[in-house]
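What follows is run_19.txt (compact mmCIF, C-alpha atoms).
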```txt
# COMPACT_ATOMS: atom_id res chain seq x y z
CA MET A 28 0.00 0.00 0.00
CA ASN A 29 1.13 3.57 -0.69
CA TRP A 30 -0.07 6.88 0.69
CA ASP A 31 -2.68 7.28 -2.05
CA SER A 32 -4.54 4.07 -1.17
CA ILE A 33 -4.05 4.61 2.57
CA ALA A 34 -5.28 8.22 2.38
CA ALA A 35 -8.48 7.13 0.66
CA ARG A 36 -9.24 4.70 3.46
CA LEU A 37 -8.37 7.22 6.17
CA LEU A 38 -10.73 9.77 4.65
CA SER A 39 -13.58 7.25 4.81
CA LEU A 40 -13.19 6.40 8.51
CA GLY A 41 -16.06 8.57 9.67
CA GLU A 42 -18.55 6.66 7.55
CA ALA A 43 -16.82 3.25 7.46
CA PRO A 44 -14.83 2.45 10.64
CA LEU A 45 -11.89 0.08 10.44
CA THR A 46 -12.74 -3.58 11.04
CA ALA A 47 -11.07 -6.99 10.88
CA ARG A 48 -11.71 -6.95 7.13
CA ASP A 49 -8.99 -4.27 6.85
CA ARG A 50 -6.26 -6.68 7.91
CA GLY A 51 -2.86 -5.39 6.83
CA PHE A 52 -3.93 -1.75 6.58
CA THR A 53 -2.67 -0.70 10.02
CA ALA A 54 0.67 -2.48 9.63
CA ALA A 55 1.16 -0.89 6.22
CA LEU A 56 0.48 2.55 7.66
CA LEU A 57 2.88 2.39 10.62
CA PRO A 58 6.23 2.70 8.75
CA LEU A 59 4.86 5.71 6.86
CA LEU A 60 4.21 7.61 10.08
CA SER A 61 7.94 8.10 10.60
CA GLY A 62 8.27 10.14 7.42
CA GLU A 63 6.55 13.08 5.79
CA VAL A 64 2.77 12.84 5.97
CA PRO A 65 0.68 14.42 3.20
CA ALA A 66 -2.17 16.84 3.86
CA PRO A 67 -4.83 16.74 5.18
CA PHE A 68 -3.14 14.34 7.64
CA ALA A 69 -0.66 15.12 10.39
CA VAL A 70 1.30 13.14 12.95
CA ARG A 71 2.23 14.23 16.44
CA ARG A 72 5.21 12.14 17.52
CA PHE A 73 6.09 11.37 21.13
CA LEU A 74 8.72 8.59 21.09
CA PRO A 75 10.43 6.96 18.08
CA LEU A 76 8.48 4.04 16.66
CA PRO A 77 10.22 0.68 17.07
CA THR A 78 11.53 -1.15 14.03
CA LEU A 79 8.96 -3.74 13.03
CA SER A 80 10.06 -7.21 11.96
CA TYR A 81 8.68 -9.44 9.24
CA ARG A 82 7.74 -13.04 9.84
CA HIS A 83 7.67 -15.79 7.28
CA GLY A 84 3.92 -16.26 7.53
CA ASP A 85 3.34 -12.61 6.70
CA LEU A 86 5.55 -12.29 3.64
CA HIS A 87 2.58 -12.65 1.29
CA THR A 88 1.08 -9.46 2.71
CA GLY A 89 4.33 -7.50 2.58
CA VAL A 90 3.75 -6.18 6.10
CA PRO A 91 4.34 -7.32 9.69
CA GLY A 92 1.59 -9.48 11.19
CA GLU A 93 -1.36 -7.79 12.84
CA ARG A 94 -4.41 -8.81 14.86
CA ASP A 95 -7.19 -7.18 16.82
CA PHE A 96 -8.05 -7.95 20.43
CA GLY A 97 -11.02 -10.11 19.48
CA PRO A 98 -14.69 -9.94 20.45
CA HIS A 99 -14.01 -10.97 24.06
CA VAL A 100 -12.46 -7.57 24.80
CA ASP A 101 -15.00 -4.85 25.61
CA GLN A 102 -13.75 -1.62 24.03
CA THR A 103 -15.34 1.54 22.72
CA ASN A 104 -12.76 1.96 19.96
CA TYR A 105 -11.03 -0.52 17.64
CA SER A 106 -7.47 -1.55 18.50
CA VAL A 107 -4.97 -3.40 16.34
CA VAL A 108 -1.78 -5.09 17.55
CA VAL A 109 1.05 -5.01 15.01
CA ASP A 110 3.99 -7.39 15.23
CA GLU A 111 3.22 -7.93 18.94
CA ARG A 112 5.06 -4.64 19.58
CA VAL A 113 2.69 -1.79 18.76
CA VAL A 114 -0.99 -1.07 19.45
CA VAL A 115 -2.92 1.31 17.22
CA LYS A 116 -6.18 2.49 18.75
CA TRP A 117 -8.53 3.73 16.04
CA LEU A 118 -11.07 6.22 17.34
CA THR A 119 -14.53 5.15 16.21
CA PRO A 120 -15.69 7.58 15.09
CA PRO A 121 -12.81 10.10 14.78
CA VAL A 122 -13.10 12.71 17.53
CA PRO A 123 -12.69 16.49 17.23
CA LEU A 124 -9.58 18.18 18.58
CA PRO A 125 -8.67 19.37 21.10
CA HIS A 126 -8.72 15.93 22.71
CA PRO A 127 -6.94 15.16 25.99
CA THR A 128 -4.87 12.17 24.85
CA PRO A 129 -2.21 13.79 22.61
CA GLU A 130 -1.50 16.57 25.07
CA VAL A 131 -1.33 14.27 28.08
CA LEU A 132 0.87 11.69 26.38
CA ALA A 133 3.30 14.35 25.18
CA HIS A 134 3.52 15.76 28.68
CA LEU A 135 4.02 12.38 30.35
CA VAL A 136 6.98 11.73 28.06
CA GLU A 137 8.43 15.13 28.91
CA ALA A 138 7.87 14.54 32.64
CA GLY A 139 9.58 11.13 32.53
CA PHE A 140 6.50 9.14 33.58
CA ASN A 141 7.05 5.60 32.32
CA ASP A 142 4.28 3.59 33.98
CA THR A 143 2.16 3.53 30.85
CA ALA A 144 2.29 1.93 27.43
CA PRO A 145 5.07 3.79 25.56
CA PRO A 146 3.37 6.55 23.55
CA TYR A 147 4.60 6.81 19.97
CA ALA A 148 2.28 8.99 17.91
CA ALA A 149 -1.17 10.48 17.28
CA LEU A 150 -2.59 10.59 13.75
CA THR A 151 -4.97 13.43 12.88
CA ARG A 152 -6.74 14.81 9.82
CA ALA A 153 -8.28 18.12 8.82
CA VAL A 154 -11.86 18.01 7.57
CA ASP A 155 -13.96 21.07 6.66
CA GLY A 156 -11.71 23.38 8.63
CA ARG A 157 -11.61 21.28 11.78
CA GLU A 158 -9.07 18.75 13.05
CA GLU A 159 -9.96 15.23 14.15
CA LEU A 160 -8.03 12.57 16.02
CA LEU A 161 -7.97 9.34 14.01
CA ALA A 162 -5.65 7.05 15.95
CA VAL A 163 -3.24 6.80 18.86
CA VAL A 164 -0.13 4.61 18.57
CA THR A 165 1.40 3.09 21.72
CA GLY A 166 3.58 0.16 22.70
CA TYR A 167 2.20 -3.34 23.23
CA LEU A 168 2.64 -4.65 26.79
CA PRO A 169 3.20 -8.43 26.74
CA GLU A 170 0.99 -10.63 28.91
CA ALA A 171 -1.18 -7.66 29.88
CA ARG A 172 -4.49 -8.15 31.68
CA ASP A 173 -6.77 -5.34 32.80
CA GLY A 174 -7.99 -4.88 36.35
CA TRP A 175 -11.40 -6.41 35.73
CA GLU A 176 -9.48 -9.66 35.35
CA TRP A 177 -6.39 -9.63 37.54
CA CYS A 178 -7.90 -7.57 40.35
CA VAL A 179 -10.92 -9.88 40.61
CA ASP A 180 -8.44 -12.73 41.02
CA GLU A 181 -6.90 -10.82 43.94
CA ALA A 182 -10.31 -10.24 45.52
CA GLU A 183 -11.13 -13.92 45.21
CA SER A 184 -7.83 -14.87 46.86
CA GLY A 185 -8.17 -12.20 49.57
CA ASP A 186 -4.73 -10.73 48.83
CA ALA A 187 -4.63 -6.92 49.03
CA GLY A 188 -0.86 -6.54 48.87
CA PHE A 189 -0.99 -5.16 45.31
CA ALA A 190 -2.78 -2.01 46.49
CA SER A 191 0.38 -0.23 47.60
CA GLU A 192 1.72 -0.44 44.04
CA LEU A 193 -1.51 1.09 42.72
CA GLY A 194 -1.25 3.92 45.24
CA ARG A 195 2.34 4.61 44.24
CA LEU A 196 1.45 4.54 40.54
CA ALA A 197 -1.51 6.92 40.98
CA ALA A 198 0.62 9.34 42.99
CA ASP A 199 3.39 9.33 40.39
CA LEU A 200 0.82 9.97 37.68
CA HIS A 201 -0.59 12.95 39.57
CA LEU A 202 2.88 14.29 40.33
CA ALA A 203 3.60 14.25 36.60
CA LEU A 204 0.24 15.72 35.59
CA ALA A 205 0.53 18.44 38.24
CA THR A 206 3.35 19.99 36.21
CA LEU A 207 1.02 20.46 33.23
CA PRO A 208 -0.30 24.04 33.25
CA VAL A 209 -3.92 24.39 34.35
CA THR A 210 -5.80 26.10 31.55
CA GLY A 211 -9.30 27.50 31.37
CA THR A 212 -11.75 27.97 34.18
CA ALA A 213 -13.62 25.40 36.21
CA GLY A 214 -16.90 24.25 34.68
CA VAL A 215 -19.99 23.34 36.67
CA PRO A 216 -19.18 23.82 40.38
CA LEU A 217 -18.25 20.54 42.06
CA PRO A 218 -21.09 20.65 44.63
CA GLU A 219 -23.71 21.22 41.95
CA ARG A 220 -22.31 18.45 39.78
CA ALA A 221 -22.39 15.96 42.65
CA GLU A 222 -25.89 16.91 43.76
CA ALA A 223 -27.13 16.66 40.18
CA ALA A 224 -25.61 13.17 39.91
CA LEU A 225 -27.46 12.08 43.06
CA ALA A 226 -30.72 13.50 41.71
CA GLN A 227 -30.27 11.68 38.39
CA ALA A 228 -29.41 8.42 40.12
CA LEU A 229 -32.58 8.67 42.22
CA GLU A 230 -34.65 9.44 39.13
CA LEU A 231 -33.23 6.62 36.99
CA THR A 232 -33.00 3.81 39.54
CA ASP A 233 -36.32 2.00 39.76
CA GLY A 234 -37.86 -0.92 41.60
CA GLU A 235 -36.62 -2.22 44.92
CA ASP A 236 -33.20 -0.67 44.37
CA GLY A 237 -34.81 2.71 43.73
CA ALA A 238 -36.85 2.52 46.93
CA TRP A 239 -33.75 1.58 48.92
CA LEU A 240 -31.76 4.39 47.32
CA ALA A 241 -34.43 6.93 48.21
CA GLY A 242 -34.12 5.83 51.83
CA ALA A 243 -30.34 6.32 51.74
CA ALA A 244 -30.46 9.65 49.90
CA ALA A 245 -30.30 11.87 52.98
CA ARG A 246 -27.16 10.15 54.23
CA MET A 247 -25.59 10.32 50.79
CA ARG A 248 -26.45 13.99 50.42
CA ALA A 249 -24.91 14.76 53.80
CA GLU A 250 -21.65 13.14 52.70
CA LEU A 251 -21.44 15.55 49.77
CA ALA A 252 -21.15 18.51 52.17
CA PRO A 253 -17.31 18.76 52.17
CA LEU A 254 -17.49 19.83 48.53
CA ARG A 255 -18.76 23.17 49.86
CA ALA A 256 -15.69 23.94 51.94
CA GLY A 257 -16.20 26.87 54.26
CA GLY A 258 -19.57 27.61 52.75
CA THR A 259 -18.09 28.39 49.32
CA ASP A 260 -18.96 26.74 46.02
CA GLU A 261 -15.56 25.09 45.60
CA PRO A 262 -13.11 23.24 47.88
CA ALA A 263 -9.67 24.73 48.43
CA ALA A 264 -7.75 21.78 46.97
CA PRO A 265 -5.50 22.64 44.01
CA ARG A 266 -6.81 21.81 40.55
CA ILE A 267 -4.50 19.69 38.43
CA ARG A 268 -4.89 17.84 35.17
CA ILE A 269 -6.34 14.47 36.15
CA HIS A 270 -6.75 11.18 34.35
CA GLY A 271 -10.53 11.57 34.49
CA ASP A 272 -11.49 7.90 34.23
CA LEU A 273 -9.10 6.18 36.64
CA HIS A 274 -10.50 2.77 37.58
CA VAL A 275 -8.88 -0.65 37.84
CA GLY A 276 -9.86 -1.44 34.26
CA GLN A 277 -7.35 1.22 33.21
CA ILE A 278 -4.55 -0.45 35.18
CA LEU A 279 -2.88 -3.22 33.22
CA ARG A 280 -0.85 -5.88 34.96
CA TRP A 281 1.73 -7.02 32.46
CA ARG A 282 4.98 -8.96 32.31
CA ASP A 283 7.03 -6.18 33.93
CA GLY A 284 4.57 -4.65 36.39
CA HIS A 285 1.59 -2.30 36.22
CA ALA A 286 0.74 0.43 33.73
CA VAL A 287 -2.03 3.02 33.53
CA ILE A 288 -3.66 3.53 30.14
CA ASP A 289 -6.46 5.38 28.34
CA PHE A 290 -6.22 9.14 28.78
CA ASP A 291 -9.39 9.89 26.83
CA GLY A 292 -11.27 11.22 29.87
CA ASN A 293 -14.62 9.98 31.17
CA PRO A 294 -16.82 8.99 28.19
CA THR A 295 -20.00 9.20 30.28
CA VAL A 296 -19.49 12.82 31.44
CA SER A 297 -19.32 15.00 28.35
CA ASP A 298 -18.66 18.34 30.05
CA ALA A 299 -16.25 17.23 32.78
CA ASP A 300 -13.47 19.69 33.60
CA PRO A 301 -10.08 18.08 32.76
CA CYS A 302 -8.56 19.96 35.70
CA GLN A 303 -9.94 18.95 39.09
CA PRO A 304 -8.70 18.02 42.56
CA ALA A 305 -6.57 14.86 42.53
CA ALA A 306 -9.05 13.33 44.97
CA ARG A 307 -11.43 12.87 42.01
CA ASP A 308 -9.15 10.26 40.45
CA VAL A 309 -8.33 8.73 43.83
CA ALA A 310 -12.01 8.30 44.66
CA GLN A 311 -12.77 6.66 41.33
CA LEU A 312 -9.89 4.25 41.86
CA THR A 313 -10.97 3.34 45.40
CA THR A 314 -14.60 2.83 44.38
CA SER A 315 -13.48 0.58 41.56
CA LEU A 316 -11.88 -1.66 44.17
CA GLU A 317 -15.31 -1.86 45.80
CA HIS A 318 -16.78 -2.78 42.42
CA VAL A 319 -14.18 -5.53 42.02
CA ALA A 320 -15.38 -6.96 45.34
CA GLN A 321 -18.95 -6.99 44.04
CA VAL A 322 -17.82 -8.73 40.83
CA ALA A 323 -16.03 -11.36 42.92
CA ILE A 324 -19.19 -11.95 44.95
CA ARG A 325 -21.40 -12.26 41.89
CA ARG A 326 -19.12 -14.14 39.49
CA ARG A 327 -16.73 -16.04 41.74
CA GLY A 328 -18.98 -16.81 44.70
CA THR A 329 -16.76 -14.92 47.15
CA ASP A 330 -18.28 -14.50 50.60
CA PRO A 331 -19.72 -10.94 50.89
CA GLY A 332 -18.15 -10.28 54.27
CA ARG A 333 -14.77 -11.50 53.06
CA ALA A 334 -15.05 -9.40 49.89
CA ALA A 335 -15.94 -6.29 51.90
CA GLY A 336 -12.95 -6.87 54.16
CA TRP A 337 -10.68 -7.26 51.15
CA ALA A 338 -11.99 -4.01 49.61
CA ALA A 339 -11.43 -2.12 52.86
CA ALA A 340 -7.88 -3.45 53.18
CA ALA A 341 -7.09 -2.67 49.54
CA ARG A 342 -8.49 0.85 49.87
CA ALA A 343 -6.44 1.49 53.01
CA GLY A 344 -3.27 0.15 51.41
CA LEU A 345 -3.75 2.22 48.27
CA LEU A 346 -4.35 5.44 50.21
CA ALA A 347 -1.41 4.87 52.54
CA ALA A 348 0.97 4.36 49.61
CA TYR A 349 -0.48 7.35 47.75
CA ARG A 350 -0.01 9.64 50.76
CA ALA A 351 3.51 8.36 51.36
CA ARG A 352 4.55 8.97 47.76
CA LEU A 353 3.22 12.53 47.76
CA ALA A 354 5.02 13.22 51.04
CA GLU A 355 8.24 11.73 49.67
CA ARG A 356 8.03 14.10 46.71
CA HIS A 357 7.11 17.08 48.94
CA ARG A 358 3.62 17.48 47.46
CA PRO A 359 1.18 16.32 50.16
CA ASP A 360 -0.93 19.36 49.27
CA LEU A 361 -2.14 17.61 46.11
CA LEU A 362 -4.56 15.46 48.10
CA ASP A 363 -7.39 16.94 50.13
CA GLU A 364 -8.63 13.85 51.94
CA ARG A 365 -11.90 15.53 52.89
CA LEU A 366 -12.95 15.25 49.24
CA ILE A 367 -12.43 11.52 48.83
CA ARG A 368 -15.69 10.41 50.44
CA PRO A 369 -17.98 12.89 48.66
CA PHE A 370 -16.34 12.04 45.35
CA GLU A 371 -16.80 8.33 46.12
CA VAL A 372 -20.51 8.91 46.75
CA GLU A 373 -20.81 10.90 43.53
CA GLN A 374 -19.00 8.15 41.64
CA GLU A 375 -21.50 5.52 42.78
CA CYS A 376 -24.28 7.80 41.58
CA ARG A 377 -22.57 8.03 38.21
CA GLU A 378 -22.27 4.25 38.08
CA LEU A 379 -26.03 3.99 38.60
CA ILE A 380 -26.64 6.56 35.87
CA TYR A 381 -24.35 4.63 33.53
CA ALA A 382 -26.14 1.39 34.34
CA ALA A 383 -29.56 2.90 33.69
CA ARG A 384 -28.58 4.47 30.38
CA HIS A 385 -26.09 2.00 28.92
CA LEU A 386 -25.58 -1.25 30.86
CA PRO A 387 -28.49 -2.29 33.12
CA ARG A 388 -26.79 -5.49 34.25
CA TRP A 389 -24.06 -3.39 35.91
CA ARG A 390 -26.45 -1.92 38.51
CA TYR A 391 -25.72 -4.68 40.97
CA ALA A 392 -22.17 -3.36 41.51
CA PRO A 393 -22.88 0.21 42.68
CA MET A 394 -25.96 -0.94 44.57
CA GLY A 395 -23.89 -3.59 46.32
CA VAL A 396 -21.34 -0.97 47.33
CA LEU A 397 -23.99 1.44 48.59
CA ARG A 398 -25.74 -1.28 50.58
CA THR A 399 -22.38 -2.10 52.17
CA TRP A 400 -21.79 1.54 53.08
CA TYR A 401 -25.29 2.33 54.31
CA GLN A 402 -26.59 -0.67 56.19
CA LYS A 403 -30.37 -0.67 56.62
CA GLU A 404 -30.27 -0.05 60.34
CA ASN A 405 -28.19 3.09 59.80
CA ILE A 406 -30.56 4.72 57.32
CA THR A 407 -32.93 7.21 58.93
```
Could you take the file, read its structure, and then write that structure out as structure tokens?
Amino acid sequence: MNWDSIAARLLSLGEAPLTARDRGFTAALLPLLSGEVPAPFAVRRFLPLPTLSYRHGDLHTGVPGERDFGPHVDQTNYSVVVDERVVVKWLTPPVPLPHPTPEVLAHLVEAGFNDTAPPYAALTRAVDGREELLAVVTGYLPEARDGWEWCVDEAESGDAGFASELGRLAADLHLALATLPVTGTAGVPLPERAEAALAQALELTDGEDGAWLAGAAARMRAELAPLRAGGTDEPAAPRIRIHGDLHVGQILRWRDGHAVIDFDGNPTVSDADPCQPAARDVAQLTTSLEHVAQVAIRRRGTDPGRAAGWAAAARAGLLAAYRARLAERHRPDLLDERLIRPFEVEQECRELIYAARHLPRWRYAPMGVLRTWYQKENIT
């Protein structure tokens, strides 16, 4: 393939997303990204692309072997693995720029943050006077499993020792992102956003769960109070660039350790401010541990009491390591611990909203967490 044939396919991506039928296209494109790219396309490069090898079984195609992740992997976009060394994530559909991923990846390289898949490039195109992100190219991490697999194994076994590594990783990520300039102004005030999430969760959750939630609403609303620090509309915690969708599913366990991925932001909150208190990410990560416990109960038959104990131990270990890392780097100010609980409550509301609108079978997880937090005898 040459640029002419590749360009024609790239221009059609909005109407005809890449699929398995396009085998060989991604591998043919990759070597071309290191050279001059014709308009209307552009490449933002982060790290040099590795040299790709050819295998005997692929000589008839003239390109290194490629594969997708298969139907068993739940993903919003379409990813292709080339030569078992590079992953190309095709945005389906292409998304308008500015988009958080290119900026964040470029900054993480500059800051020396290495606990992610090596970022190589972002491919964009100009259409009708606007730029769109077509694909993001990163390194392939051998033997990688996401947290909805490996972390459920840990919950089933009762081992929470991994949590300190997650806390360290999250702190290092925030230390790197905190050096990215904060641009723009805050969007919807944090208290209003949280209260709106609770109201939507109450409106969308029906049946027995909805009745239970209504009974817990006063307690939940009270726990949102720290978001109005000192009677103002915003807490005093510093705003930094955050990951925005930091849950265990974004933490890969691979051959050489753990890596955080996917800097696209939260796909279920369209107007979320990219710059928020670090506690937002921390709370989403801790609540995801609670969700893992619920998955272990439902899918692995783990005893509920044992799962709750595991989640509590994992949460404590993660927070202890996170605090220690910030203190070690002389930035304990990045975490306002008063915000963790209200953000956790808001996150469970958002999980219920997501379940109601997109994935009804997921409702058991946030409801299980909330029932653990607010036992019936404690609801007034």
* **Selected residue of minimal separation from Ala171 in chain A among A:Tyr391, A:Tyr401, A:Phe370, A:Trp281, counting all atoms listed in the file** => A:Trp281
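The space separating CA of Arg266 in chain A from CA of Leu397 in chain A comes to 27.8 Å.
Close contacts of Asn141 in chain A, defined as residues with an atom at most 12 Å away when counting only C-alpha atoms, with chain neighbours fewer than 4 positions off set aside, comprise Leu74, Leu132, Ala133, His134, Leu135, Val136, Glu137, Pro145, Pro146, Gly166, Leu196, Asp199, Leu200, Ala203, Asp283, Gly284, His285, Ala286, Val287 and Ile288 of chain A.
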* To do: Could you check how far CA of Arg333 in chain A sits from CA of Thr313 in chain A, in Å to one decimal?
  => 17.1 Å
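Between CA of Lys116 in chain A and CA of Thr46 in chain A there is a distance of 11.8 Å.
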* Tell me which protein, DNA and RNA residues are within 9 Å of range 351-360 of chain A, counting all atoms listed in the file, leaving out same-chain ones fewer than 4 positions away, and put them as a PyMOL selection string. => chain A and resi 194-195+198-199+202+264-265+346-347
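Around Arg50 in chain A, within 9 Å and counting all atoms listed in the file, the residues found are A:Gly92, A:Glu93, A:Arg94, A:Asp95, once anything fewer than 6 positions away on its own chain is removed.
Nearest residue to Pro208 in chain A, choosing from A:Val131, A:Glu250, A:Leu240, A:Trp117 and counting all atoms listed in the file: A:Val131.
Taking all atoms listed in the file into account, Ala348 in chain A lies nearest to A:Gly188 out of the set A:Gly188, A:Gly51, A:Pro77, A:Pro304.
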* **Who sits within 12 Å of range 215-222 of chain A, only C-alpha atoms, same chain under 6 positions skipped, as an NGL selection string** => :A and (228-229 or 244-245 or 247-256 or 258-264 or 266 or 296-304 or 307 or 366 or 368-377)
* **Exercise: range 320-330 of chain A partners within 12 Å, all atoms listed in the file, chain neighbours under 2 positions left out, as a VMD selection string** => chain A and resid 174 to 187 275 313 to 318 332 to 342 388 to 399
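Of the residues under consideration (A:Ala47, A:Leu204, A:Ala383, A:Ala34), A:Ala34 shows the shortest atom-to-atom contact distance to Leu150 in chain A when counting all atoms listed in the file.
Residue nearest Glu159 in chain A, chosen from A:Val70, A:Ile380, A:Ala35, A:Val319 and counting all atoms listed in the file: A:Val70.
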